[in-house]
Amino acid sequence: MIPDSQRALRYHERGEPLDVLKLDEIAVPEPGEGEVLLEMLASAIHPSDMGLISGSYGNLRELPAVGGREGVGKVVAVGPKTEEKLLGKICSLPEGKGTWLEYSIAKAEELILLPSLVPPEQLALAIINPLTAWRLLNDFEYLRPDDWIVQNAANSAVGVSVIQFAKRLGVNVFNLVRREEIRKPLNELGANHVLIDDEDSTAAIRDLTNGAGCRLALNSVGGRSAVRLAKSLSSGGVHVTFGAMTGEHVRFPTRNLIFDDVRFVGFWLDQWKRSRDLSALRNAAEEVLQPLAMTEIRHLVDSTYTLNQFQDGLKRNAEPRLGKVLFVPEKKPE
């Protein structure tokens with residue numbers, strides 16, 4: 001039975017998430033013509049969610065706003081003139097209006113259907129980071145089997161996806177991390193070359209590639225780490241920045257820029273998606289959903305919390321970990 005009201009994790013002003021997020025009681029909307037009502041099954045906490053709440057992200061929402069950008073839900077009601085066969089379907093939650101709530105409305109024609117046999121915790125992480133990783137591997141360089149690439153923050157959700165997708169492509173990856181204890185779990189995911197992200201890593205990469213370097217560098221950290229990536233590139237290599245975890249500026253190493261013809265570019269998935277129509281977005285999603293459905297890749301989950309436990313969830317999200325923190329519904333009585 002669908003209730004009249006629901007819990008939604010919202011912010012009425014921008015600021016530190018723990019300071020401004022509140023668990024509000026709001027009405028459960030009724031789906032209109034061509035719409036469906038989705039019940040949230042799981043929703044992720046991403047760094048970009050924190051940027052939206054604090055006001056540092058590139059595309060902000062009108063206030064008050066529901067937190068969250070990615071999640072998975074089940075169709076539990078349909079509006080007038082909407083196909084009833086959609087009932088029970090598993091779909092991505094609509095990103096634009098937030099995902100940290102129990103029920104949300106989506107247009108039936110815009111639904112992205114997800115494989116129903118995959119656990120919700122995996123589906124809640126199935127689009128944003130895997131699609132970013134896939135685009136990074138396919139849009140900037142024509143990578144051939146046995147080519148070398150390098151990435152920092154290899155234990156991030158995007159980094160873990162890069163490791164697994166690159167393995168399927170036959171591409172070798174140098175994975176830079178800042179903590180020694182990350183090596184073993186990344187090795188278990190198929191990462192063969194995990195290095196500590198320090199000043200020795202560039203020489204190690206040059207040595208292991210017999211001086212050739214890497215064709216592609218993926219930067220989501222910034223600062224000195226970004227410079228090390230640039231120095232690890234081969235002539236004509238591409239350096240892609242898609243995040244800035246440390247907040248430090250990326251400084252171009254002039255020598256590599258001039259003499260090695262290294263190219264520096266940026267990537268933002270939101271902008272990439274805006275330039276595609278719905279059909280192209282569905283096809284792109286299918287490219288990352290198929291290996292998930294075939295259990296050829298998996299997404300790492302650290303822990304789950306209910307919306308009532310949001311403060312504990314956000315605190316855990318701020319701690320060192322390997323895997324995502326998710327919001328899940330309260331368990332319903334038997």
# chains A, B, ... in the order shown; residues from 1 in each chain; ligands from 1
$ residues_around --residues "Ile105 of chain A" --least-positions-apart "2" --cutoff "9 Å" --atoms "only C-alpha atoms" --output "list in words"
Pro29, Glu30, Pro31, Gly32, Glu35, Val36, Leu37, Leu38, Leu93, Pro94, Tyr103 and Lys107 of chain A
$ residues_around --residues "segment 68-72 of chain A" --least-positions-apart "4" --cutoff "9 Å" --atoms "only C-alpha atoms" --output "ChimeraX atom specification"
/A:9,38-46,48-50,52,90-101,114,120-121,123-128,326-327
$ select_by_dssp --residues "segment 120-191 of chain A" --states "strand (DSSP E)" --output "number ranges by chain"
A: 148-151, 172-177
$ closest_residue --among "A:Ala217, A:Ala108, A:Ile53, A:Val301" --to "Val150 of chain A" --atoms "only C-alpha atoms"
A:Ala217
$ residues_around --residues "Ser220 of chain A" --least-positions-apart "4" --cutoff "8 Å" --atoms "only C-alpha atoms" --output "ChimeraX atom specification"
/A:152-153,241-245
$ residues_around --residues "Leu257 of chain A" --least-positions-apart "4" --cutoff "12 Å" --atoms "only C-alpha atoms" --output "list in words"
Val227, Ala230, Lys231, Leu233, Ser234, Ser235, Gly236, Gly237, Val238, His239, Arg251, Phe252, Pro253, Asp261, Val262, Arg263 and Phe264 of chain A
$ select_by_dssp --residues "segment 90-316 of chain A" --states "alpha helix (DSSP H)" --output "JSON, numbers by chain"
{"A": [120, 121, 122, 123, 128, 129, 130, 131, 132, 133, 134, 135, 136, 137, 138, 157, 158, 159, 160, 161, 162, 163, 164, 165, 166, 167, 168, 169, 183, 184, 185, 186, 187, 188, 201, 202, 203, 204, 205, 206, 207, 208, 223, 224, 225, 226, 227, 228, 229, 230, 231, 254, 255, 256, 257, 258, 259, 269, 270, 271, 272, 273, 274, 278, 279, 280, 281, 282, 283, 284, 285, 286, 287, 288, 289, 290, 291, 292, 293, 310, 311, 312, 313, 314, 315, 316]}
$ residues_around --residues "Gly51 of chain A" --least-positions-apart "5" --cutoff "10 Å" --atoms "only C-alpha atoms" --output "VMD selection string"
chain A and resid 14 to 17 46 56 to 60
$ closest_residue --among "A:Thr246, A:Leu137, A:Leu23, A:Leu269" --to "Gln309 of chain A" --atoms "only C-alpha atoms"
A:Leu23
$ atom_distance --atom1 "atom CA of Val66 of chain A" --atom2 "atom CA of Asp19 of chain A"
14.7 Å
$ closest_residue --among "A:Val28, A:Leu278, A:Leu307, A:Ile258" --to "Glu330 of chain A" --atoms "only C-alpha atoms"
A:Leu307
$ closest_atom_pairs --of "segment 214-237 of chain A" --to "segment 177-190 of chain A" --cutoff "12 Å" --atoms "only C-alpha atoms" --output "JSON lines"
{"residue": "A:Asn219", "atom": "CA", "partner": "A:Val177", "partner_atom": "CA", "distance": 11.9}
{"residue": "A:Ser220", "atom": "CA", "partner": "A:Val177", "partner_atom": "CA", "distance": 11.7}
{"residue": "A:Val221", "atom": "CA", "partner": "A:Val177", "partner_atom": "CA", "distance": 10.5}
{"residue": "A:Ser225", "atom": "CA", "partner": "A:Val177", "partner_atom": "CA", "distance": 10.0}
$ write_last_selection --atoms "C-alpha atoms" --output "PDB file, in the first residue's frame"
ATOM      1  CA  ASN A 219      43.118  12.616 -13.199  1.00  0.00           C
ATOM      2  CA  SER A 220      40.531  13.137 -10.478  1.00  0.00           C
ATOM      3  CA  VAL A 221      42.884  14.378  -7.757  1.00  0.00           C
ATOM      4  CA  SER A 225      49.418  13.931  -8.474  1.00  0.00           C
TER       5      SER A 225
END
$ residues_around --residues "Val325 of chain A" --least-positions-apart "3" --cutoff "6 Å" --atoms "only C-alpha atoms" --output "mmCIF file with N, CA, C and O atoms, in the first residue's frame"
data_model
loop_
_atom_site.group_PDB
_atom_site.id
_atom_site.type_symbol
_atom_site.label_atom_id
_atom_site.label_comp_id
_atom_site.auth_asym_id
_atom_site.auth_seq_id
_atom_site.Cartn_x
_atom_site.Cartn_y
_atom_site.Cartn_z
ATOM 1 N N ILE A 45 25.531 7.767 -2.379
ATOM 2 C CA ILE A 45 26.121 9.043 -1.968
ATOM 3 C C ILE A 45 27.382 9.245 -2.792
ATOM 4 O O ILE A 45 28.329 8.463 -2.700
ATOM 5 N N ASP A 302 30.361 -0.154 0.499
ATOM 6 C CA ASP A 302 30.957 -0.163 1.839
ATOM 7 C C ASP A 302 29.908 -0.457 2.900
ATOM 8 O O ASP A 302 30.095 -1.315 3.758
ATOM 9 N N SER A 303 28.778 0.260 2.847
ATOM 10 C CA SER A 303 27.769 0.140 3.899
ATOM 11 C C SER A 303 26.458 0.756 3.437
ATOM 12 O O SER A 303 26.416 1.517 2.464
ATOM 13 N N THR A 304 25.384 0.419 4.141
ATOM 14 C CA THR A 304 24.065 0.961 3.827
ATOM 15 C C THR A 304 23.438 1.563 5.083
ATOM 16 O O THR A 304 23.647 1.064 6.200
ATOM 17 N N ASN A 317 30.575 8.229 5.047
ATOM 18 C CA ASN A 317 30.978 8.623 3.699
ATOM 19 C C ASN A 317 32.220 9.499 3.716
ATOM 20 O O ASN A 317 33.006 9.486 2.758
#
